[in-house]
>>> print(open('final_8.cif').read())   # mmCIF, C-alpha atoms and all ligand atoms
data_upload
loop_
_atom_site.label_atom_id
_atom_site.label_comp_id
_atom_site.auth_asym_id
_atom_site.auth_seq_id
_atom_site.Cartn_x
_atom_site.Cartn_y
_atom_site.Cartn_z
CA MET A 1 0.00 0.00 0.00
CA GLU A 2 1.19 3.54 -0.66
CA ASN A 3 2.61 5.63 2.16
CA ARG A 4 -0.18 7.38 4.05
CA THR A 5 1.87 8.84 6.90
CA ILE A 6 2.07 12.62 7.07
CA ARG A 7 5.59 13.72 7.99
CA LYS A 8 5.79 17.03 6.18
CA ALA A 9 3.86 20.25 6.54
CA VAL A 10 3.90 23.14 4.11
CA ILE A 11 3.13 26.51 5.64
CA PRO A 12 2.64 29.18 2.98
CA ALA A 13 3.70 32.48 4.51
CA ALA A 14 4.66 34.55 1.49
CA GLY A 15 1.48 36.62 1.18
CA LEU A 16 1.41 40.38 1.57
CA GLY A 17 -1.14 40.49 4.39
CA THR A 18 -3.01 43.49 2.99
CA ARG A 19 -6.00 42.96 5.30
CA PHE A 20 -3.82 43.77 8.25
CA LEU A 21 -2.07 46.94 7.14
CA PRO A 22 -0.41 48.97 8.53
CA ALA A 23 0.75 46.26 11.00
CA THR A 24 2.03 44.08 8.15
CA LYS A 25 3.94 46.83 6.36
CA ALA A 26 7.17 45.77 8.08
CA VAL A 27 6.10 42.84 10.29
CA PRO A 28 5.01 39.55 8.71
CA LYS A 29 1.39 38.77 9.54
CA GLU A 30 2.54 35.33 10.74
CA LEU A 31 4.54 36.91 13.56
CA LEU A 32 1.68 38.94 15.01
CA PRO A 33 1.20 37.53 18.50
CA ILE A 34 -1.80 35.80 19.95
CA VAL A 35 -1.29 36.80 23.59
CA ASP A 36 2.55 36.52 23.56
CA THR A 37 3.18 33.86 20.93
CA PRO A 38 3.44 34.44 17.17
CA THR A 39 0.52 32.95 15.24
CA ILE A 40 2.87 30.75 13.22
CA GLN A 41 4.25 29.13 16.37
CA TYR A 42 0.76 27.80 17.16
CA ILE A 43 0.62 26.38 13.64
CA VAL A 44 4.03 24.69 13.90
CA ALA A 45 3.04 23.28 17.31
CA GLU A 46 -0.13 21.85 15.78
CA ALA A 47 1.91 20.28 12.95
CA VAL A 48 4.31 18.67 15.40
CA ALA A 49 1.43 17.39 17.54
CA ALA A 50 0.05 15.78 14.37
CA GLY A 51 3.28 13.84 13.86
CA VAL A 52 5.00 16.18 11.39
CA ARG A 53 8.80 16.21 11.43
CA ASP A 54 9.67 18.56 8.58
CA VAL A 55 8.04 21.97 8.44
CA ILE A 56 8.48 23.72 5.11
CA LEU A 57 7.99 27.45 5.38
CA VAL A 58 7.24 29.22 2.12
CA VAL A 59 8.45 32.77 2.63
CA ALA A 60 9.23 35.83 0.56
CA ARG A 61 11.60 38.75 0.58
CA GLY A 62 11.20 40.76 3.77
CA LYS A 63 9.76 37.85 5.74
CA GLU A 64 13.06 36.35 6.91
CA SER A 65 12.19 37.15 10.54
CA ILE A 66 9.72 34.25 10.44
CA VAL A 67 12.64 31.90 9.86
CA ASP A 68 14.71 33.62 12.58
CA HIS A 69 11.94 32.87 15.06
CA PHE A 70 12.64 29.14 14.68
CA ASP A 71 16.42 29.52 14.88
CA ILE A 72 18.67 29.70 17.94
CA ALA A 73 18.97 33.26 19.28
CA ALA A 74 22.46 32.89 20.76
CA GLU A 75 22.84 36.44 22.05
CA LEU A 76 19.41 36.43 23.66
CA GLU A 77 20.06 33.04 25.27
CA ALA A 78 23.43 34.23 26.64
CA HIS A 79 21.71 37.29 28.12
CA LEU A 80 18.97 35.19 29.73
CA GLU A 81 21.62 32.85 31.13
CA ARG A 82 23.63 35.74 32.59
CA THR A 83 20.55 37.26 34.19
CA GLY A 84 19.43 33.96 35.69
CA LYS A 85 16.31 33.56 33.54
CA HIS A 86 16.98 29.87 32.96
CA GLU A 87 13.38 28.79 32.37
CA LEU A 88 12.87 31.49 29.74
CA LYS A 89 16.13 30.51 28.10
CA LYS A 90 14.96 26.89 27.92
CA GLN A 91 11.69 28.00 26.38
CA MET A 92 13.50 30.04 23.72
CA ARG A 93 15.72 27.10 22.84
CA SER A 94 12.76 24.74 22.60
CA ILE A 95 11.21 26.93 19.86
CA ALA A 96 14.32 26.32 17.76
CA GLN A 97 13.97 22.59 18.38
CA MET A 98 10.26 22.16 17.69
CA ALA A 99 10.71 20.77 14.21
CA ASN A 100 13.11 20.48 11.34
CA VAL A 101 12.36 23.81 9.67
CA ILE A 102 13.12 24.12 5.97
CA THR A 103 12.67 27.34 4.06
CA VAL A 104 11.76 27.85 0.44
CA ARG A 105 11.16 31.17 -1.27
CA GLN A 106 8.25 32.24 -3.39
CA GLN A 107 9.77 34.89 -5.62
CA GLU A 108 6.47 36.50 -6.62
CA PRO A 109 3.10 36.36 -4.86
CA LEU A 110 1.40 34.29 -7.54
CA GLY A 111 -1.18 32.73 -5.27
CA LEU A 112 -1.62 30.03 -2.67
CA GLY A 113 -1.44 27.25 -5.28
CA HIS A 114 1.85 28.63 -6.54
CA ALA A 115 3.19 28.90 -2.98
CA VAL A 116 2.43 25.20 -2.43
CA LEU A 117 4.11 24.35 -5.75
CA CYS A 118 7.29 26.09 -4.50
CA ALA A 119 7.61 23.31 -1.89
CA ARG A 120 7.43 20.51 -4.45
CA ASP A 121 11.09 19.43 -4.44
CA VAL A 122 11.27 19.42 -0.65
CA VAL A 123 8.05 17.43 -0.23
CA GLY A 124 8.93 14.90 -2.92
CA ASP A 125 6.74 11.88 -3.49
CA GLU A 126 4.75 11.68 -0.26
CA PRO A 127 1.50 13.02 1.15
CA PHE A 128 1.75 16.24 3.17
CA VAL A 129 -0.35 18.77 5.01
CA VAL A 130 -0.80 22.40 3.99
CA MET A 131 -1.47 24.68 6.96
CA LEU A 132 -2.43 28.33 6.66
CA GLY A 133 -1.26 30.68 9.35
CA ASP A 134 -4.51 32.63 9.24
CA ASP A 135 -6.46 29.74 10.65
CA VAL A 136 -5.70 28.92 14.23
CA ILE A 137 -7.40 25.78 15.48
CA ASP A 138 -7.89 25.06 19.13
CA ALA A 139 -8.91 21.42 19.51
CA LYS A 140 -8.44 18.41 21.75
CA VAL A 141 -7.11 16.41 18.81
CA PRO A 142 -4.96 18.77 16.69
CA GLY A 143 -6.77 19.86 13.53
CA ALA A 144 -4.01 18.59 11.25
CA LYS A 145 -4.11 15.21 13.03
CA GLN A 146 -7.86 14.85 12.50
CA LEU A 147 -7.28 15.27 8.75
CA ALA A 148 -4.17 13.05 8.72
CA ASP A 149 -6.20 10.27 10.39
CA CYS A 150 -8.90 10.65 7.74
CA TYR A 151 -6.23 10.45 5.03
CA ALA A 152 -4.76 7.33 6.64
CA ARG A 153 -8.20 5.67 6.53
CA HIS A 154 -9.15 6.59 2.97
CA GLY A 155 -5.99 7.56 1.09
CA LEU A 156 -7.73 10.53 -0.52
CA GLY A 157 -6.87 14.23 -0.26
CA THR A 158 -8.77 15.66 2.70
CA VAL A 159 -9.67 19.30 3.38
CA ALA A 160 -10.91 20.77 6.65
CA LEU A 161 -14.55 21.83 6.61
CA MET A 162 -16.49 24.08 8.93
CA GLU A 163 -20.17 25.03 8.95
CA VAL A 164 -20.65 28.75 8.46
CA PRO A 165 -23.77 30.92 8.49
CA ARG A 166 -25.29 31.26 4.99
CA GLU A 167 -24.48 34.97 4.77
CA GLU A 168 -20.77 34.25 5.27
CA THR A 169 -20.46 31.74 2.41
CA PRO A 170 -19.20 34.39 -0.10
CA MET A 171 -16.05 34.69 2.03
CA TYR A 172 -14.94 31.07 1.67
CA GLY A 173 -14.37 28.20 -0.69
CA ILE A 174 -17.58 26.16 -0.30
CA ALA A 175 -17.68 22.36 -0.66
CA ALA A 176 -20.66 20.11 -1.17
CA GLY A 177 -21.04 16.37 -1.42
CA SER A 178 -22.40 13.31 0.32
CA GLU A 179 -21.55 12.18 3.82
CA ILE A 180 -19.79 8.80 3.62
CA GLU A 181 -18.98 8.51 7.32
CA PRO A 182 -19.65 10.70 10.35
CA ARG A 183 -17.95 14.07 9.73
CA THR A 184 -16.60 12.91 6.35
CA VAL A 185 -17.95 14.23 3.06
CA ARG A 186 -17.01 13.05 -0.40
CA VAL A 187 -16.66 16.37 -2.19
CA ASP A 188 -18.37 16.62 -5.56
CA ARG A 189 -18.59 20.41 -5.82
CA LEU A 190 -16.15 23.08 -4.84
CA VAL A 191 -16.91 26.74 -5.46
CA GLU A 192 -14.55 29.57 -4.56
CA LYS A 193 -16.33 32.47 -2.79
CA PRO A 194 -19.81 31.96 -4.31
CA LYS A 195 -21.58 35.32 -4.72
CA GLN A 196 -24.96 33.57 -4.76
CA ASP A 197 -26.52 30.11 -4.44
CA PRO A 198 -23.78 28.45 -2.38
CA PRO A 199 -23.93 24.66 -2.86
CA SER A 200 -23.81 24.18 0.95
CA ASN A 201 -22.79 25.97 4.12
CA LEU A 202 -19.55 23.96 4.48
CA ALA A 203 -16.52 26.24 4.20
CA VAL A 204 -13.04 24.97 3.39
CA ILE A 205 -10.60 26.34 5.94
CA GLY A 206 -6.81 26.37 6.05
CA ARG A 207 -5.84 22.72 6.54
CA TYR A 208 -5.41 20.33 3.62
CA VAL A 209 -3.85 16.87 3.58
CA LEU A 210 -2.81 16.26 0.00
CA PRO A 211 -1.32 13.49 -2.09
CA PRO A 212 1.85 14.36 -4.07
CA ARG A 213 -0.26 14.17 -7.23
CA ILE A 214 -1.47 17.70 -6.38
CA PHE A 215 1.84 19.10 -7.68
CA GLN A 216 1.25 17.77 -11.18
CA VAL A 217 -2.27 19.17 -11.07
CA LEU A 218 -1.04 22.58 -9.87
CA GLU A 219 1.39 22.73 -12.78
CA GLN A 220 -1.51 22.32 -15.21
CA VAL A 221 -3.86 24.77 -13.52
CA HIS A 222 -4.30 28.04 -15.37
CA PRO A 223 -3.89 31.24 -13.41
CA GLY A 224 -7.29 32.47 -12.25
CA VAL A 225 -8.40 35.67 -10.53
CA GLY A 226 -5.59 38.25 -10.43
CA GLY A 227 -3.16 35.99 -12.32
CA GLU A 228 -2.89 33.80 -9.25
CA ILE A 229 -2.66 30.02 -9.23
CA GLN A 230 -5.51 28.99 -6.96
CA LEU A 231 -5.24 25.93 -4.76
CA THR A 232 -9.03 25.57 -4.96
CA ASP A 233 -8.83 25.05 -8.75
CA ALA A 234 -6.34 22.23 -8.26
CA LEU A 235 -8.51 20.70 -5.52
CA ALA A 236 -11.49 20.70 -7.89
CA VAL A 237 -9.43 18.76 -10.46
CA LEU A 238 -8.31 16.30 -7.77
CA ALA A 239 -11.95 15.83 -6.69
CA ARG A 240 -12.92 14.97 -10.28
CA GLU A 241 -9.95 12.75 -11.06
CA GLU A 242 -9.45 10.64 -7.96
CA GLY A 243 -11.80 12.00 -5.32
CA LEU A 244 -11.46 14.47 -2.49
CA LEU A 245 -12.79 14.30 1.05
CA GLY A 246 -13.89 17.02 3.40
CA TYR A 247 -13.63 16.46 7.12
CA ARG A 248 -15.82 18.48 9.51
CA PHE A 249 -13.16 18.87 12.17
CA GLU A 250 -13.89 19.11 15.88
CA GLY A 251 -12.63 22.23 17.62
CA ASP A 252 -12.64 26.02 17.55
CA ARG A 253 -11.18 27.90 14.64
CA TYR A 254 -10.09 31.54 14.65
CA ASP A 255 -9.46 33.62 11.55
CA ALA A 256 -6.36 35.41 12.74
CA GLY A 257 -5.93 37.14 9.37
CA ASP A 258 -9.05 39.21 10.01
CA ARG A 259 -9.03 41.99 12.61
CA LEU A 260 -12.07 40.84 14.58
CA GLY A 261 -11.03 37.18 14.33
CA TYR A 262 -7.59 38.13 15.57
CA LEU A 263 -9.00 39.97 18.58
CA LYS A 264 -11.28 37.02 19.34
CA ALA A 265 -8.33 34.61 19.18
CA ASN A 266 -6.40 36.82 21.59
CA LEU A 267 -9.27 36.86 24.08
CA ALA A 268 -9.92 33.12 23.81
CA PHE A 269 -6.27 32.17 24.27
CA ALA A 270 -5.75 34.68 27.08
CA LEU A 271 -8.75 33.20 28.92
CA LYS A 272 -6.94 29.85 28.85
CA ARG A 273 -3.94 31.32 30.70
CA PRO A 274 -4.40 30.96 34.46
CA GLU A 275 -2.43 34.16 35.17
CA LEU A 276 -4.52 36.23 32.75
CA ALA A 277 -8.01 34.70 32.89
CA GLY A 278 -9.16 36.31 36.15
CA PRO A 279 -7.91 39.86 35.53
CA LEU A 280 -9.09 39.73 31.90
CA ARG A 281 -12.62 38.68 32.91
CA GLU A 282 -12.70 41.60 35.35
CA LEU A 283 -11.48 43.96 32.65
CA MET A 284 -14.06 42.72 30.14
CA LYS A 285 -16.83 43.18 32.69
CA GLU A 286 -15.67 46.71 33.46
CA MET A 287 -15.35 47.67 29.81
CA SER A 288 -18.75 46.34 28.79
CA ARG A 289 -20.58 48.33 31.44
P1 LIG A 301 -4.32 35.19 1.90
O1 LIG A 301 -4.80 35.83 0.66
O2 LIG A 301 -5.25 35.00 3.04
O3 LIG A 301 -3.07 35.97 2.51
O4 LIG A 301 -3.59 33.84 1.52
P2 LIG A 301 -2.41 37.33 2.20
O5 LIG A 301 -2.30 37.55 0.74
O6 LIG A 301 -1.15 37.36 2.97
O7 LIG A 301 -3.38 38.29 2.98
P3 LIG A 301 -4.38 39.41 2.53
O8 LIG A 301 -5.59 38.70 1.99
O9 LIG A 301 -3.65 40.26 1.54
O10 LIG A 301 -4.64 40.13 3.82
C1 LIG A 301 -3.67 32.67 2.33
C2 LIG A 301 -2.29 32.16 2.68
O11 LIG A 301 -1.52 31.92 1.55
C3 LIG A 301 -0.27 32.58 1.61
C4 LIG A 301 -0.45 33.71 2.59
O12 LIG A 301 0.76 34.01 3.24
C5 LIG A 301 -1.49 33.15 3.55
O13 LIG A 301 -0.90 32.39 4.58
N1 LIG A 301 0.09 33.04 0.25
C6 LIG A 301 -0.82 33.68 -0.51
C7 LIG A 301 1.37 32.82 -0.21
O14 LIG A 301 2.22 32.23 0.48
N2 LIG A 301 1.68 33.25 -1.48
C8 LIG A 301 0.79 33.90 -2.26
O15 LIG A 301 1.14 34.25 -3.40
C9 LIG A 301 -0.49 34.12 -1.76
#
>>> encode(input="final_8.cif", output="C-alpha cells")
Amino acid sequence: MENRTIRKAVIPAAGLGTRFLPATKAVPKELLPIVDTPTIQYIVAEAVAAGVRDVILVVARGKESIVDHFDIAAELEAHLERTGKHELKKQMRSIAQMANVITVRQQEPLGLGHAVLCARDVVGDEPFVVMLGDDVIDAKVPGAKQLADCYARHGLGTVALMEVPREETPMYGIAAGSEIEPRTVRVDRLVEKPKQDPPSNLAVIGRYVLPPRIFQVLEQVHPGVGGEIQLTDALAVLAREEGLLGYRFEGDRYDAGDRLGYLKANLAFALKRPELAGPLRELMKEMSR
C-alpha cells in the first residue's frame, strides 16, 4: 500500500497580508502575536502534535524574521543565562527545536497554489499537510491530526470543513457532497467564494492533507483571478480525477488574518492562561458596562 503517513507540513507564509495593514507593512502577519506567541508558532506546534517532522515554510523577501523565530537566538540566550532567567532561556531554545524547519522562497506572490508548488522538491513523493497561518485551530485532537487520520483511513486528499452561516459563504471556498462517514464528506462540488446560491454551508478552511499528485495538477492549472494560481482550482481537479474528502473537524477555529477574528483569538487564548483569565474577565466586565 502507498505511504499514508504525514511527515511534512507546508506553511505558505509569502502573502502580503493586505487585510492587516499597517501592521504588516514591516512585520510579517505570521509573527503577530496571539497573547505573547506568534501565530505561526501555534501552527508549527499543531503540525508537530500531528506527527509532522519537517516543516516547510514558504516565505518571501522581507519575511526572513519568520525563519529567525525558529532559529537559535544565541545572544538572547546568553543574556537570559547571565541574568538567571533559565526557564525562559529553555523555552527560547525549545522553539528552535520544535521541528526540522526548511525554508523555500516564493519569488512572486502568484497565489496560494503557486506557494504550495514552490515546496514541491522538498516534499517529494509523499503526502503532506498544507497549513495556513490565518487559521488557528484550538482542539483536543490537533486539527491537522484529524485530517491526517482521515487520510490514513481513505488515502484521498482531505480538506478541513467548517459550517458557516449562509451569509458568510461568499467569504470562503464552499464544498458540497455526500456524507460517507460521520464528519466525512465526499466532495463533488467546490466553489470559490460563491456570490450567490452556495452549494452548501460547508466552508473549506486552512488545513489540507494532500497526495503528491497535487503538484502535477497545480502545474496544469491556469492562473485564475488576479493571475494567481488557486489551490481551490487544483482541488477541484483532484476531486474529479481521484476523489477528495472534506472532514468536519472538531474544535474552535479563529481567523487570525481578520481583525475581529484576531481579537477574538487573543481573548480566547488569554482566557486559557491561568495568570490572565481572572484579571481579563474583570477587565471585560468593566469595559462592557
Ligand atoms: P491570503 O490571501 O489570506 O493571505 O492567503 P495574504 O495575501 O497574505 O493576505 P491578505 O488577503 O492580503 O490580507 C492565504 C495564505 O496563503 C499565503 C499567505 O501568506 C497566507 O498564509 N500566500 C498567498 C502565499 O504564500 N503566497 C501567495 O502568493 C499568496
>>> residues_around(input="final_8.cif", residues="segment 8-18 of chain A", least_positions_apart="5", cutoff="7 Å", atoms="all atoms listed in the file", output="list in words")
Thr24, Lys29, Glu30, Ala47, Val52, Arg53, Asp54, Val55, Ile56, Leu57, Val58, Val59, Ala60, Gln106, Pro109, Ala115, Val116, Val123, Phe128, Val129, Val130, Met131 and Leu132 of chain A
>>> write_last_selection(input="final_8.cif", atoms="C-alpha atoms", output="PDB file, keeping the file's coordinate frame")
ATOM      1  CA  THR A  24       2.030  44.080   8.150  1.00  0.00           C
ATOM      2  CA  LYS A  29       1.390  38.770   9.540  1.00  0.00           C
ATOM      3  CA  GLU A  30       2.540  35.330  10.740  1.00  0.00           C
ATOM      4  CA  ALA A  47       1.910  20.280  12.950  1.00  0.00           C
ATOM      5  CA  VAL A  52       5.000  16.180  11.390  1.00  0.00           C
ATOM      6  CA  ARG A  53       8.800  16.210  11.430  1.00  0.00           C
ATOM      7  CA  ASP A  54       9.670  18.560   8.580  1.00  0.00           C
ATOM      8  CA  VAL A  55       8.040  21.970   8.440  1.00  0.00           C
ATOM      9  CA  ILE A  56       8.480  23.720   5.110  1.00  0.00           C
ATOM     10  CA  LEU A  57       7.990  27.450   5.380  1.00  0.00           C
ATOM     11  CA  VAL A  58       7.240  29.220   2.120  1.00  0.00           C
ATOM     12  CA  VAL A  59       8.450  32.770   2.630  1.00  0.00           C
ATOM     13  CA  ALA A  60       9.230  35.830   0.560  1.00  0.00           C
ATOM     14  CA  GLN A 106       8.250  32.240  -3.390  1.00  0.00           C
ATOM     15  CA  PRO A 109       3.100  36.360  -4.860  1.00  0.00           C
ATOM     16  CA  ALA A 115       3.190  28.900  -2.980  1.00  0.00           C
ATOM     17  CA  VAL A 116       2.430  25.200  -2.430  1.00  0.00           C
ATOM     18  CA  VAL A 123       8.050  17.430  -0.230  1.00  0.00           C
ATOM     19  CA  PHE A 128       1.750  16.240   3.170  1.00  0.00           C
ATOM     20  CA  VAL A 129      -0.350  18.770   5.010  1.00  0.00           C
ATOM     21  CA  VAL A 130      -0.800  22.400   3.990  1.00  0.00           C
ATOM     22  CA  MET A 131      -1.470  24.680   6.960  1.00  0.00           C
ATOM     23  CA  LEU A 132      -2.430  28.330   6.660  1.00  0.00           C
TER      24      LEU A 132
END
>>> atom_distance(input="final_8.cif", atom1="atom CA of Gly124 of chain A", atom2="atom CA of Val104 of chain A")
13.7 Å
>>> residues_near_point(input="final_8.cif", point="(-16.9, 7.8, 12.8)", cutoff="12 Å", atoms="all atoms listed in the file", output="ChimeraX atom specification")
/A:146,149-150,153,179-185,247-249
>>> axis_aligned_box(input="final_8.cif", around="ligand LIG 301 (chain A)", padding_each_side="6 Å", output="JSON")
{"center_x": -1.7, "center_y": 36.1, "center_z": 0.6, "size_x": 19.8, "size_y": 20.3, "size_z": 20.0}
>>> atom_distance(input="final_8.cif", atom1="atom CA of Leu112 of chain A", atom2="atom CA of Asn266 of chain A")
25.6 Å
>>> atom_distance(input="final_8.cif", atom1="atom CA of Gly62 of chain A", atom2="atom CA of Tyr172 of chain A")
28.0 Å
>>> closest_residue(input="final_8.cif", among="A:Ala152, A:Ala23, A:Leu147, A:Ala45", to="ligand LIG 301 (chain A)", atoms="all atoms listed in the file")
A:Ala23
>>> closest_atom_pairs(input="final_8.cif", of="segment 138-207 of chain A", to="segment 233-241 of chain A", cutoff="7 Å", atoms="only C-alpha atoms", output="CSV")
residue,atom,partner,partner_atom,distance
A:Val187,CA,A:Ala239,CA,6.5
A:Asp188,CA,A:Ala239,CA,6.6
A:Leu190,CA,A:Ala236,CA,6.1
>>> residues_around(input="final_8.cif", residues="Glu192 of chain A", least_positions_apart="4", cutoff="9 Å", atoms="all atoms listed in the file", output="JSON, numbers by chain")
{"A": [170, 171, 172, 173, 174, 175, 232, 233]}
>>> residues_around(input="final_8.cif", residues="Val141 of chain A", least_positions_apart="3", cutoff="10 Å", atoms="only C-alpha atoms", output="PyMOL selection string")
chain A and resi 46+49-50+137-138+144-146+249-251
>>> residues_near_point(input="final_8.cif", point="(-2.4, 14.7, -1.5)", cutoff="10 Å", atoms="only C-alpha atoms", output="ChimeraX atom specification")
/A:4,6,125-130,151,155-159,208-215,235,238,244
>>> closest_residue(input="final_8.cif", among="A:Lys195, A:Lys63, A:His69, A:Arg120", to="ligand LIG 301 (chain A)", atoms="only C-alpha atoms and all ligand atoms")
A:Lys63
>>> build_atoms(input="final_8.cif", residues="segment 182-191 of chain A", atoms="all heavy atoms", output="JSON list (two decimals), in the frame of the given file")
[["chain", "number", "residue", "atom", "x", "y", "z"],
["A", 182, "PRO", "N", -19.46, 9.52, 9.52],
["A", 182, "PRO", "CA", -19.65, 10.70, 10.35],
["A", 182, "PRO", "C", -18.52, 11.71, 10.12],
["A", 182, "PRO", "O", -17.35, 11.32, 10.09],
["A", 182, "PRO", "CB", -19.62, 10.16, 11.78],
["A", 182, "PRO", "CG", -20.03, 8.73, 11.66],
["A", 182, "PRO", "CD", -19.55, 8.27, 10.32],
["A", 183, "ARG", "N", -18.89, 12.95, 9.91],
["A", 183, "ARG", "CA", -17.95, 14.07, 9.73],
["A", 183, "ARG", "C", -17.22, 14.06, 8.38],
["A", 183, "ARG", "O", -16.45, 14.95, 8.08],
["A", 183, "ARG", "CB", -16.90, 14.12, 10.85],
["A", 183, "ARG", "CG", -17.51, 14.37, 12.22],
["A", 183, "ARG", "CD", -16.49, 14.74, 13.26],
["A", 183, "ARG", "NE", -17.19, 15.27, 14.42],
["A", 183, "ARG", "CZ", -17.49, 16.54, 14.59],
["A", 183, "ARG", "NH1", -17.12, 17.43, 13.71],
["A", 183, "ARG", "NH2", -18.16, 16.94, 15.66],
["A", 184, "THR", "N", -17.38, 13.03, 7.59],
["A", 184, "THR", "CA", -16.60, 12.91, 6.35],
["A", 184, "THR", "C", -17.49, 13.01, 5.12],
["A", 184, "THR", "O", -18.45, 12.25, 4.97],
["A", 184, "THR", "CB", -15.84, 11.57, 6.32],
["A", 184, "THR", "OG1", -15.19, 11.40, 7.57],
["A", 184, "THR", "CG2", -14.82, 11.53, 5.21],
["A", 185, "VAL", "N", -17.14, 13.97, 4.26],
["A", 185, "VAL", "CA", -17.95, 14.23, 3.06],
["A", 185, "VAL", "C", -17.11, 13.91, 1.83],
["A", 185, "VAL", "O", -15.94, 14.30, 1.76],
["A", 185, "VAL", "CB", -18.36, 15.73, 3.02],
["A", 185, "VAL", "CG1", -19.02, 16.10, 1.71],
["A", 185, "VAL", "CG2", -19.25, 16.07, 4.21],
["A", 186, "ARG", "N", -17.70, 13.21, 0.88],
["A", 186, "ARG", "CA", -17.01, 13.05, -0.40],
["A", 186, "ARG", "C", -17.38, 14.26, -1.25],
["A", 186, "ARG", "O", -18.55, 14.47, -1.58],
["A", 186, "ARG", "CB", -17.45, 11.76, -1.08],
["A", 186, "ARG", "CG", -16.52, 11.39, -2.18],
["A", 186, "ARG", "CD", -16.87, 10.08, -2.85],
["A", 186, "ARG", "NE", -16.01, 9.92, -4.00],
["A", 186, "ARG", "CZ", -14.92, 9.18, -4.01],
["A", 186, "ARG", "NH1", -14.57, 8.49, -2.97],
["A", 186, "ARG", "NH2", -14.16, 9.12, -5.10],
["A", 187, "VAL", "N", -16.39, 15.07, -1.56],
["A", 187, "VAL", "CA", -16.66, 16.37, -2.19],
["A", 187, "VAL", "C", -16.96, 16.17, -3.67],
["A", 187, "VAL", "O", -16.17, 15.58, -4.40],
["A", 187, "VAL", "CB", -15.44, 17.32, -2.02],
["A", 187, "VAL", "CG1", -15.67, 18.63, -2.76],
["A", 187, "VAL", "CG2", -15.16, 17.56, -0.54],
["A", 188, "ASP", "N", -18.14, 16.64, -4.10],
["A", 188, "ASP", "CA", -18.37, 16.62, -5.56],
["A", 188, "ASP", "C", -18.53, 18.02, -6.15],
["A", 188, "ASP", "O", -18.58, 18.17, -7.37],
["A", 188, "ASP", "CB", -19.52, 15.68, -5.96],
["A", 188, "ASP", "CG", -20.79, 15.94, -5.20],
["A", 188, "ASP", "OD1", -21.03, 17.12, -4.90],
["A", 188, "ASP", "OD2", -21.52, 14.97, -4.91],
["A", 189, "ARG", "N", -18.60, 19.03, -5.30],
["A", 189, "ARG", "CA", -18.59, 20.41, -5.82],
["A", 189, "ARG", "C", -17.72, 21.28, -4.93],
["A", 189, "ARG", "O", -17.74, 21.15, -3.72],
["A", 189, "ARG", "CB", -20.00, 20.99, -5.87],
["A", 189, "ARG", "CG", -20.78, 20.52, -7.06],
["A", 189, "ARG", "CD", -22.03, 21.38, -7.25],
["A", 189, "ARG", "NE", -21.71, 22.72, -7.71],
["A", 189, "ARG", "CZ", -22.59, 23.73, -7.70],
["A", 189, "ARG", "NH1", -23.81, 23.54, -7.23],
["A", 189, "ARG", "NH2", -22.25, 24.92, -8.14],
["A", 190, "LEU", "N", -17.02, 22.17, -5.58],
["A", 190, "LEU", "CA", -16.15, 23.08, -4.84],
["A", 190, "LEU", "C", -16.25, 24.44, -5.53],
["A", 190, "LEU", "O", -15.91, 24.56, -6.71],
["A", 190, "LEU", "CB", -14.72, 22.53, -4.94],
["A", 190, "LEU", "CG", -13.70, 22.90, -3.89],
["A", 190, "LEU", "CD1", -14.19, 22.63, -2.49],
["A", 190, "LEU", "CD2", -12.41, 22.12, -4.14],
["A", 191, "VAL", "N", -16.74, 25.43, -4.83],
["A", 191, "VAL", "CA", -16.91, 26.74, -5.46],
["A", 191, "VAL", "C", -16.17, 27.78, -4.63],
["A", 191, "VAL", "O", -16.37, 27.88, -3.41],
["A", 191, "VAL", "CB", -18.41, 27.15, -5.53],
["A", 191, "VAL", "CG1", -18.59, 28.42, -6.36],
["A", 191, "VAL", "CG2", -19.24, 26.02, -6.10]]
